[in-house]
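Colleague: What follows is upload05.cif, made up of mmCIF, C-alpha atoms and all ligand atoms:
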data_my_file
#
loop_
_atom_site.label_atom_id
_atom_site.label_comp_id
_atom_site.auth_asym_id
_atom_site.auth_seq_id
_atom_site.Cartn_x
_atom_site.Cartn_y
_atom_site.Cartn_z
CA MET A 1 -62.40 73.86 -21.04
CA ARG A 2 -58.93 72.40 -20.88
CA ALA A 3 -59.57 71.15 -17.37
CA LEU A 4 -62.76 69.46 -18.52
CA VAL A 5 -61.01 67.73 -21.43
CA SER A 6 -58.29 66.70 -19.08
CA ALA A 7 -60.77 65.24 -16.64
CA LEU A 8 -62.60 63.36 -19.40
CA LEU A 9 -59.36 62.00 -20.78
CA ALA A 10 -58.29 60.96 -17.34
CA ILE A 11 -61.54 59.06 -16.93
CA ALA A 12 -60.95 57.45 -20.32
CA GLY A 13 -57.42 56.50 -19.20
CA VAL A 14 -55.69 58.80 -21.66
CA ALA A 15 -52.77 60.73 -20.22
CA MET A 16 -52.36 64.38 -21.14
CA VAL A 17 -48.59 63.92 -21.15
CA ALA A 18 -48.99 62.43 -24.63
CA ALA A 19 -48.46 65.93 -25.97
CA PRO A 20 -48.13 66.65 -29.72
CA ALA A 21 -44.33 67.18 -29.45
CA PRO A 22 -42.66 64.40 -27.41
CA PRO A 23 -39.58 65.32 -25.39
CA ALA A 24 -36.24 65.24 -27.21
CA ALA A 25 -35.08 62.13 -25.39
CA ALA A 26 -38.15 60.21 -26.49
CA ARG A 27 -37.72 61.31 -30.10
CA GLN A 28 -34.09 60.23 -29.99
CA ALA A 29 -35.07 56.86 -28.55
CA ALA A 30 -37.64 56.36 -31.30
CA ALA A 31 -35.00 57.11 -33.95
CA ARG A 32 -32.48 54.76 -32.35
CA PRO A 33 -31.69 51.47 -34.09
CA ALA A 34 -33.07 48.45 -32.27
CA ASP A 35 -30.63 47.25 -29.63
CA THR A 36 -29.91 43.61 -30.38
CA GLY A 37 -28.20 42.98 -27.04
CA GLN A 38 -25.04 41.65 -28.67
CA ARG A 39 -21.64 42.23 -27.04
CA VAL A 40 -18.24 42.87 -28.54
CA ILE A 41 -14.73 42.41 -27.15
CA LEU A 42 -11.76 43.76 -29.10
CA VAL A 43 -8.25 42.69 -28.08
CA THR A 44 -5.04 44.05 -29.60
CA LEU A 45 -1.44 42.87 -29.11
CA ASP A 46 0.77 45.81 -30.06
CA GLY A 47 3.25 45.04 -32.84
CA ALA A 48 2.69 41.27 -32.67
CA ARG A 49 4.31 39.84 -35.82
CA VAL A 50 2.72 37.33 -38.17
CA GLU A 51 5.96 35.36 -37.85
CA GLU A 52 5.28 34.47 -34.20
CA VAL A 53 1.49 34.20 -34.49
CA PHE A 54 1.70 31.63 -37.31
CA GLY A 55 5.15 30.14 -36.69
CA GLY A 56 5.92 30.51 -32.99
CA LEU A 57 9.52 31.01 -31.90
CA ASP A 58 11.72 32.35 -34.72
CA PRO A 59 15.10 30.65 -34.14
CA ALA A 60 17.04 33.06 -36.37
CA VAL A 61 15.78 36.03 -34.35
CA LEU A 62 16.49 34.35 -31.00
CA ALA A 63 19.99 33.40 -32.17
CA SER A 64 20.64 36.99 -33.24
CA THR A 65 20.09 38.21 -29.68
CA LEU A 66 22.74 35.91 -28.16
CA GLY A 67 26.39 36.55 -27.46
CA PRO A 68 29.08 34.77 -29.52
CA LYS A 69 29.58 31.91 -27.06
CA ALA A 70 25.94 31.26 -26.12
CA ARG A 71 24.22 28.19 -27.51
CA LEU A 72 20.66 28.46 -28.80
CA GLU A 73 19.72 25.11 -27.24
CA ASP A 74 20.69 26.34 -23.78
CA GLN A 75 18.33 29.30 -23.76
CA PRO A 76 15.28 29.10 -21.46
CA ALA A 77 13.10 30.58 -24.22
CA TYR A 78 14.30 27.89 -26.63
CA LYS A 79 13.68 25.11 -24.14
CA ARG A 80 10.20 26.40 -23.45
CA PHE A 81 9.00 27.28 -26.96
CA TRP A 82 11.00 25.26 -29.50
CA ALA A 83 9.36 22.52 -31.59
CA PRO A 84 10.33 21.19 -35.06
CA THR A 85 7.38 22.55 -37.07
CA PRO A 86 5.74 26.01 -37.23
CA GLU A 87 2.42 24.42 -36.27
CA ALA A 88 3.89 22.81 -33.15
CA ARG A 89 5.83 25.98 -32.23
CA ARG A 90 2.82 28.28 -32.45
CA ALA A 91 0.77 25.85 -30.35
CA LYS A 92 3.51 25.98 -27.69
CA LEU A 93 3.53 29.77 -27.76
CA MET A 94 -0.26 30.29 -27.77
CA PRO A 95 -1.89 26.99 -26.79
CA PHE A 96 -5.34 28.42 -26.05
CA LEU A 97 -5.52 30.28 -29.35
CA TRP A 98 -4.39 27.39 -31.53
CA THR A 99 -5.73 24.29 -29.84
CA ASP A 100 -8.95 25.65 -28.40
CA LEU A 101 -10.28 28.95 -29.75
CA LEU A 102 -9.39 28.45 -33.44
CA ARG A 103 -10.33 24.79 -33.45
CA ASP A 104 -13.75 25.05 -31.82
CA ARG A 105 -14.84 28.69 -31.82
CA GLY A 106 -13.24 30.86 -34.46
CA SER A 107 -10.81 31.51 -37.28
CA ILE A 108 -7.69 33.51 -38.12
CA ALA A 109 -6.60 35.33 -41.27
CA GLY A 110 -3.14 36.54 -42.20
CA ASN A 111 -1.08 33.40 -42.98
CA ARG A 112 0.41 34.39 -46.34
CA ASN A 113 1.63 30.84 -46.94
CA LEU A 114 -2.04 29.89 -47.34
CA GLY A 115 -2.96 32.81 -49.59
CA SER A 116 -4.43 34.77 -46.66
CA VAL A 117 -3.39 38.42 -46.54
CA VAL A 118 -4.24 40.96 -43.86
CA ALA A 119 -2.50 44.32 -44.13
CA LEU A 120 -2.68 47.86 -42.85
CA SER A 121 -4.45 50.48 -44.96
CA ASN A 122 -2.33 53.27 -43.53
CA ARG A 123 1.19 53.71 -44.85
CA ARG A 124 2.82 54.81 -41.58
CA ARG A 125 3.08 51.41 -39.88
CA PHE A 126 3.25 52.67 -36.31
CA SER A 127 0.79 52.56 -33.47
CA TYR A 128 -1.54 55.57 -33.44
CA PRO A 129 -2.29 55.30 -37.19
CA GLY A 130 -2.82 51.54 -36.80
CA TYR A 131 -5.28 51.84 -33.93
CA ALA A 132 -6.99 54.82 -35.55
CA GLU A 133 -7.58 52.90 -38.76
CA MET A 134 -9.36 50.19 -36.76
CA LEU A 135 -11.43 52.59 -34.64
CA LEU A 136 -12.29 54.97 -37.52
CA GLY A 137 -12.83 52.45 -40.32
CA ARG A 138 -10.39 54.04 -42.75
CA PRO A 139 -6.80 55.35 -42.76
CA LEU A 140 -6.20 59.05 -42.11
CA ASP A 141 -2.59 59.39 -43.23
CA ALA A 142 -2.72 63.15 -43.70
CA GLU A 143 -4.16 63.82 -40.24
CA ILE A 144 -2.43 61.23 -38.06
CA THR A 145 1.31 61.64 -38.33
CA SER A 146 2.64 60.89 -34.85
CA ASN A 147 2.14 58.89 -31.64
CA ASP A 148 1.54 62.08 -29.64
CA LEU A 149 -1.18 61.86 -27.01
CA LYS A 150 -3.93 63.80 -28.78
CA PRO A 151 -7.69 63.17 -29.04
CA SER A 152 -8.84 61.24 -32.08
CA PRO A 153 -9.37 63.61 -35.04
CA ARG A 154 -12.79 62.03 -35.68
CA GLN A 155 -15.47 60.37 -33.60
CA THR A 156 -14.35 56.78 -33.00
CA VAL A 157 -16.58 53.81 -33.62
CA LEU A 158 -16.58 53.26 -29.84
CA GLU A 159 -18.06 56.71 -29.22
CA TYR A 160 -20.57 56.13 -32.01
CA VAL A 161 -21.76 52.88 -30.42
CA ARG A 162 -22.22 54.54 -27.04
CA THR A 163 -24.26 57.49 -28.33
CA THR A 164 -26.22 55.54 -30.96
CA LEU A 165 -27.35 52.85 -28.52
CA GLY A 166 -27.83 55.37 -25.72
CA LEU A 167 -25.45 53.56 -23.35
CA ASP A 168 -23.81 55.01 -20.26
CA ALA A 169 -20.04 55.52 -20.10
CA THR A 170 -19.34 52.26 -18.23
CA GLN A 171 -20.82 50.29 -21.14
CA VAL A 172 -18.10 51.12 -23.66
CA ALA A 173 -14.77 50.68 -21.91
CA VAL A 174 -11.12 50.77 -22.97
CA PHE A 175 -8.34 49.30 -20.83
CA ALA A 176 -4.90 49.86 -22.34
CA SER A 177 -1.30 49.43 -21.31
CA TRP A 178 -0.20 52.49 -23.32
CA ASP A 179 -1.23 55.95 -22.13
CA VAL A 180 -1.83 57.31 -25.64
CA PHE A 181 -5.13 55.40 -25.66
CA ASN A 182 -6.51 58.29 -23.63
CA GLY A 183 -6.38 60.08 -26.98
CA ILE A 184 -6.83 57.27 -29.52
CA GLY A 185 -10.06 56.03 -27.97
CA GLU A 186 -12.20 59.14 -28.22
CA GLN A 187 -12.57 62.47 -29.94
CA THR A 188 -14.60 63.89 -27.04
CA PRO A 189 -12.69 63.37 -23.78
CA GLY A 190 -14.77 61.60 -21.14
CA ARG A 191 -17.29 60.04 -23.45
CA LEU A 192 -16.03 56.51 -22.73
CA THR A 193 -14.50 54.72 -19.76
CA ILE A 194 -10.78 54.74 -20.55
CA ASN A 195 -8.00 53.60 -18.22
CA ALA A 196 -4.64 53.66 -19.99
CA GLY A 197 -0.94 53.68 -19.15
CA PHE A 198 0.04 54.20 -15.53
CA GLU A 199 -3.37 55.44 -14.48
CA ALA A 200 -5.12 54.96 -11.15
CA LEU A 201 -8.74 53.87 -11.11
CA ALA A 202 -10.88 56.99 -10.95
CA ALA A 203 -12.92 55.52 -8.08
CA ALA A 204 -11.81 52.10 -6.88
CA PRO A 205 -14.98 50.15 -6.06
CA ASP A 206 -13.42 47.99 -3.31
CA ALA A 207 -10.17 47.28 -1.45
CA ALA A 208 -8.96 44.63 -3.92
CA ALA A 209 -9.41 46.96 -6.90
CA GLN A 210 -7.65 49.72 -4.97
CA ARG A 211 -4.66 47.44 -4.26
CA LEU A 212 -4.46 46.49 -7.92
CA SER A 213 -4.67 50.11 -9.00
CA ASP A 214 -1.94 51.07 -6.49
CA ALA A 215 0.41 48.20 -7.38
CA GLN A 216 0.93 49.31 -10.97
CA PHE A 217 2.93 52.28 -9.64
CA ASP A 218 5.12 50.05 -7.45
CA THR A 219 6.08 47.80 -10.38
CA PRO A 220 7.61 50.10 -12.98
CA THR A 221 8.44 48.99 -16.51
CA PRO A 222 11.40 50.21 -18.60
CA TRP A 223 8.91 52.50 -20.40
CA ASP A 224 7.37 55.68 -19.06
CA SER A 225 4.15 55.43 -21.05
CA VAL A 226 3.44 51.67 -20.88
CA ARG A 227 2.47 49.70 -17.76
CA HIS A 228 2.60 45.92 -17.44
CA ASP A 229 -0.15 44.15 -19.36
CA TYR A 230 -0.96 42.29 -16.14
CA TYR A 231 -2.62 45.39 -14.67
CA THR A 232 -4.44 46.24 -17.87
CA PHE A 233 -5.90 42.76 -18.03
CA ARG A 234 -6.83 42.53 -14.34
CA LEU A 235 -8.45 45.97 -14.32
CA ALA A 236 -10.38 45.10 -17.49
CA MET A 237 -11.63 41.83 -15.99
CA ASP A 238 -12.74 43.69 -12.87
CA HIS A 239 -14.69 46.16 -15.00
CA LEU A 240 -16.18 43.34 -17.06
CA GLN A 241 -17.38 41.49 -13.98
CA ARG A 242 -18.70 44.59 -12.24
CA HIS A 243 -20.20 46.69 -15.05
CA ARG A 244 -20.90 44.08 -17.74
CA PRO A 245 -20.09 46.42 -20.64
CA ARG A 246 -21.49 45.97 -24.12
CA VAL A 247 -18.16 46.83 -25.69
CA LEU A 248 -14.78 46.15 -24.09
CA TYR A 249 -11.49 47.03 -25.75
CA LEU A 250 -8.42 45.40 -24.17
CA ALA A 251 -5.23 46.92 -25.64
CA LEU A 252 -2.07 45.08 -24.57
CA GLY A 253 1.38 46.50 -25.23
CA GLU A 254 4.32 44.36 -24.11
CA THR A 255 4.78 42.45 -27.37
CA ASP A 256 5.90 45.75 -28.93
CA ASP A 257 7.97 47.29 -26.16
CA TRP A 258 10.14 44.26 -25.41
CA ALA A 259 10.82 43.96 -29.15
CA HIS A 260 12.02 47.56 -29.36
CA ASP A 261 14.34 46.76 -26.46
CA GLY A 262 15.70 43.71 -28.29
CA ARG A 263 14.40 41.29 -25.61
CA TYR A 264 13.08 38.52 -27.84
CA ASP A 265 12.79 36.16 -24.86
CA ARG A 266 10.43 38.64 -23.18
CA VAL A 267 8.48 39.07 -26.43
CA LEU A 268 7.81 35.32 -26.46
CA GLU A 269 6.84 35.34 -22.79
CA ALA A 270 4.44 38.21 -23.47
CA PHE A 271 2.76 36.22 -26.25
CA ALA A 272 2.34 33.27 -23.90
CA ARG A 273 0.98 35.40 -21.05
CA THR A 274 -1.47 37.05 -23.41
CA ASP A 275 -2.65 33.62 -24.54
CA ALA A 276 -3.38 32.73 -20.92
CA TYR A 277 -5.32 36.01 -20.55
CA LEU A 278 -7.37 35.13 -23.62
CA ALA A 279 -8.13 31.71 -22.13
CA GLU A 280 -9.31 33.28 -18.88
CA LEU A 281 -11.39 35.87 -20.75
CA TRP A 282 -13.02 33.18 -22.87
CA ARG A 283 -13.77 30.95 -19.87
CA TRP A 284 -15.39 33.95 -18.18
CA ILE A 285 -17.55 34.70 -21.25
CA GLU A 286 -18.70 31.10 -21.42
CA ALA A 287 -19.68 31.10 -17.75
CA GLN A 288 -21.90 34.22 -17.94
CA PRO A 289 -25.49 33.77 -19.17
CA ASP A 290 -25.56 37.41 -20.36
CA TYR A 291 -22.36 36.95 -22.45
CA ARG A 292 -22.39 33.32 -23.58
CA GLY A 293 -23.62 32.92 -27.16
CA ARG A 294 -23.90 36.66 -27.80
CA THR A 295 -20.30 37.86 -27.46
CA HIS A 296 -18.18 38.52 -30.54
CA LEU A 297 -14.40 38.52 -30.07
CA LEU A 298 -11.88 40.10 -32.47
CA ILE A 299 -8.12 39.83 -31.80
CA THR A 300 -5.56 41.65 -33.94
CA THR A 301 -2.53 43.96 -33.94
CA ASP A 302 -1.83 47.58 -34.91
CA HIS A 303 1.17 46.79 -37.12
CA GLY A 304 3.76 44.15 -37.91
CA ARG A 305 7.53 44.57 -37.77
CA GLY A 306 10.53 43.67 -39.87
CA PRO A 307 10.73 39.97 -40.82
CA SER A 308 14.47 39.36 -40.39
CA PRO A 309 16.99 39.25 -37.53
CA ALA A 310 18.15 42.67 -38.75
CA THR A 311 14.71 44.30 -38.75
CA TRP A 312 12.43 42.49 -36.26
CA ARG A 313 12.84 45.15 -33.55
CA ASP A 314 11.45 47.91 -35.71
CA HIS A 315 8.45 49.02 -37.73
CA GLY A 316 7.42 52.18 -39.57
CA GLU A 317 7.17 53.53 -43.08
CA GLN A 318 10.70 52.41 -44.01
CA VAL A 319 10.38 48.85 -42.67
CA ASP A 320 9.10 46.41 -45.28
CA GLY A 321 6.94 43.72 -43.71
CA ALA A 322 5.57 45.98 -40.96
CA GLU A 323 2.33 46.32 -42.95
CA ARG A 324 1.62 42.60 -42.45
CA THR A 325 -0.98 41.92 -39.79
CA TRP A 326 -3.41 39.16 -38.80
CA MET A 327 -6.89 38.97 -37.42
CA ALA A 328 -8.65 36.30 -35.34
CA VAL A 329 -12.41 36.24 -34.82
CA ALA A 330 -14.70 34.13 -32.65
CA SER A 331 -18.34 34.93 -33.18
CA PRO A 332 -21.49 32.89 -32.55
CA THR A 333 -22.73 33.96 -36.01
CA MET A 334 -19.62 32.88 -37.94
CA GLY A 335 -19.12 29.21 -38.78
CA ARG A 336 -15.58 29.46 -40.13
CA ARG A 337 -12.89 27.58 -38.13
CA GLY A 338 -9.12 27.44 -38.28
CA GLU A 339 -7.09 29.35 -40.86
CA TRP A 340 -8.46 31.41 -43.74
CA ARG A 341 -7.15 30.44 -47.18
CA ASP A 342 -7.07 31.97 -50.67
CA HIS A 343 -9.29 35.00 -50.20
CA ALA A 344 -9.31 38.64 -51.25
CA PRO A 345 -6.95 40.68 -49.03
CA LEU A 346 -8.32 42.03 -45.77
CA THR A 347 -7.32 45.18 -43.94
CA ASN A 348 -7.36 46.41 -40.35
CA ALA A 349 -9.64 49.28 -41.41
CA GLN A 350 -12.44 46.66 -41.60
CA VAL A 351 -12.46 46.29 -37.83
CA ALA A 352 -14.83 49.26 -37.23
CA ALA A 353 -17.56 48.00 -39.58
CA THR A 354 -17.14 44.45 -38.24
CA LEU A 355 -17.80 45.60 -34.68
CA LEU A 356 -20.78 47.67 -35.86
CA ALA A 357 -22.27 44.76 -37.83
CA TRP A 358 -22.04 42.49 -34.79
CA LEU A 359 -23.91 45.12 -32.77
CA GLY A 360 -26.57 45.46 -35.49
CA LEU A 361 -25.44 48.93 -36.59
CA ASP A 362 -24.83 50.29 -40.09
CA ARG A 363 -21.34 51.45 -40.96
CA ARG A 364 -22.61 54.05 -43.45
CA ALA A 365 -24.57 55.80 -40.74
CA TYR A 366 -21.29 56.00 -38.81
CA ALA A 367 -19.01 57.11 -41.67
CA ALA A 368 -19.83 57.16 -45.38
CA ASP A 369 -16.28 56.10 -46.29
CA ALA A 370 -15.83 53.37 -43.68
CA MET A 371 -14.49 50.10 -45.10
CA PRO A 372 -16.90 47.12 -45.12
CA PRO A 373 -16.95 44.42 -42.43
CA LEU A 374 -15.03 41.16 -42.80
CA PRO A 375 -16.71 38.76 -45.22
CA GLY A 376 -19.08 36.42 -43.42
CA VAL A 377 -19.93 38.95 -40.73
CA THR A 378 -23.65 39.44 -40.83
CA GLY A 379 -25.32 42.58 -39.62
CA ARG A 380 -28.97 43.45 -39.35
ZN ZN B 401 6.35 50.05 -31.60
#
Using the file provided, produce a representation of the structure as structure tokens.
Modeller:
Amino acid sequence: MRALVSALLAIAGVAMVAAPAPPAAARQAAARPADTGQRVILVTLDGARVEEVFGGLDPAVLASTLGPKARLEDQPAYKRFWAPTPEARRAKLMPFLWTDLLRDRGSIAGNRNLGSVVALSNRRRFSYPGYAEMLLGRPLDAEITSNDLKPSPRQTVLEYVRTTLGLDATQVAVFASWDVFNGIGEQTPGRLTINAGFEALAAAPDAAAQRLSDAQFDTPTPWDSVRHDYYTFRLAMDHLQRHRPRVLYLALGETDDWAHDGRYDRVLEAFARTDAYLAELWRWIEAQPDYRGRTHLLITTDHGRGPSPATWRDHGEQVDGAERTWMAVASPTMGRRGEWRDHAPLTNAQVAATLLAWLGLDRRAYAADAMPPLPGVTGR
């Protein structure tokens, strides 16, 4: 009887595989939110102060790093980055950000002189809690108490995007200068593509990528756990070009490490190099039909640092001012340009929901207590 029905159905063009209970994968696909095809790139500059982002070179800090006989005006960093006004200084430090991206494409919050406050939600004011608050959508002060390399205590928003949209591991990628991102990025090791710290490419796709991967070990930094941002950026661009991920997280580190070492000149150079990386990244986005007009960029930091010559090297619970952060966004669905003014305070914990909204996903389905997206970010 079954054979007869099958034969009749086959004649009628009805497949018997349309069984009453569809396979699990099909059920999951049916329950999946519609994939809007949008793309997100998150960039962080570790410990990048609001003072430099909005005011460029801080002459009091530079002067504090000099010996008693040295003249400020003679310093290469001064000659390169000094200008009479904060607006002119910041444009010298980060020309792409200030004279291109924020003029034509996006906006930045965090300039307290304009009534624009961005601050951490966590009270610890060091890196793991800062990154975790962005990737988890809320602070977890009781659970995250150190910078130890440990898996995230909860599923990160990056893991959620991958599983919810049914993407493969190349499609949600993290490239980081600091090795602790092997923990920060994911609760379940291996769920994402993560390359962090001095880490070789798992499988270099060609000779050029292999040379790049090898070179990071021949060019040590003063820090065991942080490689040069150059490699992080180049490896990320290679992945972007080759795998065309839906979500890329580029986590740069030198703005923090040179500051801890008291090398303010190198801090300024790191800001300027990062600005050139952002310019290259943006030019690449604009040149790709599958990225142009559908890529949302968010640039921020994991914490501030002390505001004065006595405190700028440090951050942490005891350092007032280290809670001050900033956030730049360039999104085809946001019309705001330049600097935000006179608005309700924003927090880094809003990053997770902002990324989700851009991808057409609901933050409450990710975490009931996740903070809302930035105002003006429209979701589905
Ligand atoms: Zn630090």
Colleague: To one decimal in Å, tell me the separation between atom CA of Lys150 of chain A and atom CA of Leu359 of chain A.
Modeller: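 Computing the Euclidean distance for atom CA of Lys150 of chain A and atom CA of Leu359 of chain A yields 27.6 Å.
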Colleague: Between A:Val161, A:Ala259, A:Ala173, A:Ala215, single out the one closest to Asp238 of chain A, counting only C-alpha atoms.
Modeller: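 Ranked by minimum distance to Asp238 of chain A, first place goes to A:Ala173.
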Colleague: If you take all atoms listed in the file and a cut-off of 8 Å, which residues of chain A touch ligand ZN 401 (chain B), and what are their nearest atom pairs and distances in Å to one decimal, in chain and number order, as CSV?
Modeller:
residue,atom,partner,partner_atom,distance
A:Asp46,CA,B:ZN401,ZN,7.2
A:Gly47,CA,B:ZN401,ZN,6.0
A:Phe126,CA,B:ZN401,ZN,6.2
A:Ser127,CA,B:ZN401,ZN,6.4
A:Asp256,CA,B:ZN401,ZN,5.1
A:Asp257,CA,B:ZN401,ZN,6.3
A:Ala259,CA,B:ZN401,ZN,7.9
A:His260,CA,B:ZN401,ZN,6.6
A:Asp314,CA,B:ZN401,ZN,6.9
A:His315,CA,B:ZN401,ZN,6.6
Colleague: Compare A:Pro345, A:Pro375, A:Gly338, A:Gly185 by their minimum atom-to-atom distance to Pro151 of chain A, counting all atoms listed in the file, and give me the closest one.
Modeller: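 Closest to Pro151 of chain A of all the choices is A:Gly185.
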Colleague: Using all atoms listed in the file, which of A:Ala272, A:Val267, A:Leu66, A:Ala176 sits nearest Tyr231 of chain A?
Modeller: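 Result for the nearest residue to Tyr231 of chain A: A:Ala176.
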Colleague: The residues within 6 Å of (-4.3, 40.9, -33.3), using all atoms listed in the file and the coordinates of the file, should be reported as a list in words; which are they?
Modeller: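 Looking at atoms near the point gives Thr44, Leu45, Ile299, Thr300, Thr301, Trp326 and Met327 of chain A.
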Colleague: Can you list, as a PyMOL selection string, every protein, DNA or RNA residue that comes within 10 Å of His243 of chain A when you count only C-alpha atoms, leaving out same-chain residues fewer than 4 positions away?
Modeller: chain A and resi 170-173+237-239
Colleague: Taking (21.1, 38.3, -32.7) in the file's coordinates as the center, which residues reach within 12 Å of it, counting only C-alpha atoms, put as a list of chain:residue names?
Modeller: A:Asp58, A:Pro59, A:Ala60, A:Val61, A:Leu62, A:Ala63, A:Ser64, A:Thr65, A:Leu66, A:Gly67, A:Pro68, A:Ala70, A:Arg71, A:Leu72, A:Gly262, A:Arg263, A:Tyr264, A:Asp265, A:Ser308, A:Pro309, A:Ala310, A:Thr311, A:Trp312, A:Arg313
Colleague: Given all atoms listed in the file as the basis, pick out the residue of A:His228, A:Arg337, A:Thr354, A:Asp342 nearest to Arg103 of chain A.
Modeller: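 The shortest atom-to-atom distance to Arg103 of chain A comes from A:Arg337.
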Colleague: Restricting the calculation to all atoms listed in the file: of A:Gly321, A:Gly106, A:Pro129, A:Pro332, which residue gets closest to Thr145 of chain A?
Modeller: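 Of the candidates, the smallest distance to Thr145 of chain A is held by A:Pro129.
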Colleague: What does the distance between atom CA of Trp178 of chain A and atom CA of Arg266 of chain A come to in Å, to one decimal place?
Modeller: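 Calculated distance between atom CA of Trp178 of chain A and atom CA of Arg266 of chain A is 17.5 Å.
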Colleague: What lies within 10 Å of Arg154 of chain A using only C-alpha atoms, ignoring chain neighbours under 5 positions off, as a PyMOL selection string?
Modeller: chain A and resi 132+135-136+140+143+159+184+186-188+367
Colleague: Can you tell me, as a list in words, what residues are no more than 9 Å from Thr164 of chain A when counting only C-alpha atoms, ignoring any on the same chain fewer than 3 positions away?
Modeller: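 Final neighbour list, sorted by chain and number: Arg32, Pro33, Glu159, Tyr160, Val161, Leu167 and Leu361 of chain A.
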Colleague: Restricting the calculation to all atoms listed in the file: of A:Val247, A:Gly137, A:Leu278, A:Glu87, which residue gets closest to Trp358 of chain A?
Modeller: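 Between A:Val247, A:Gly137, A:Leu278, A:Glu87, the residue approaching Trp358 of chain A most closely is A:Val247.
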Colleague: Could you tell me how far atom CA of Gly197 of chain A lies from atom CA of Thr156 of chain A, in Å and to one decimal?
Modeller: 19.5 Å
Colleague: What lies within 10 Å of Gln216 of chain A using only C-alpha atoms, ignoring chain neighbours under 3 positions off, as a compact mmCIF listing (two decimals) with C-alpha atoms, keeping the file's coordinate frame?
Modeller:
# COMPACT_ATOMS: atom_id res chain seq x y z
CA GLY A 197 -0.94 53.68 -19.15
CA PHE A 198 0.04 54.20 -15.53
CA GLU A 199 -3.37 55.44 -14.48
CA ALA A 200 -5.12 54.96 -11.15
CA ARG A 211 -4.66 47.44 -4.26
CA LEU A 212 -4.46 46.49 -7.92
CA SER A 213 -4.67 50.11 -9.00
CA THR A 219 6.08 47.80 -10.38
CA PRO A 220 7.61 50.10 -12.98
CA THR A 221 8.44 48.99 -16.51
CA ARG A 227 2.47 49.70 -17.76
CA HIS A 228 2.60 45.92 -17.44
CA ASP A 229 -0.15 44.15 -19.36
CA TYR A 230 -0.96 42.29 -16.14
CA TYR A 231 -2.62 45.39 -14.67
CA THR A 232 -4.44 46.24 -17.87
Colleague: Can you list, as number ranges by chain, every protein, DNA or RNA residue that comes within 12 Å of Ala328 of chain A when you count only C-alpha atoms, leaving out same-chain residues fewer than 4 positions away?
Modeller: A: 41-45, 50, 53-54, 97-98, 101-103, 105-111, 118, 278, 296-301, 334, 336-340, 346, 348, 351, 374
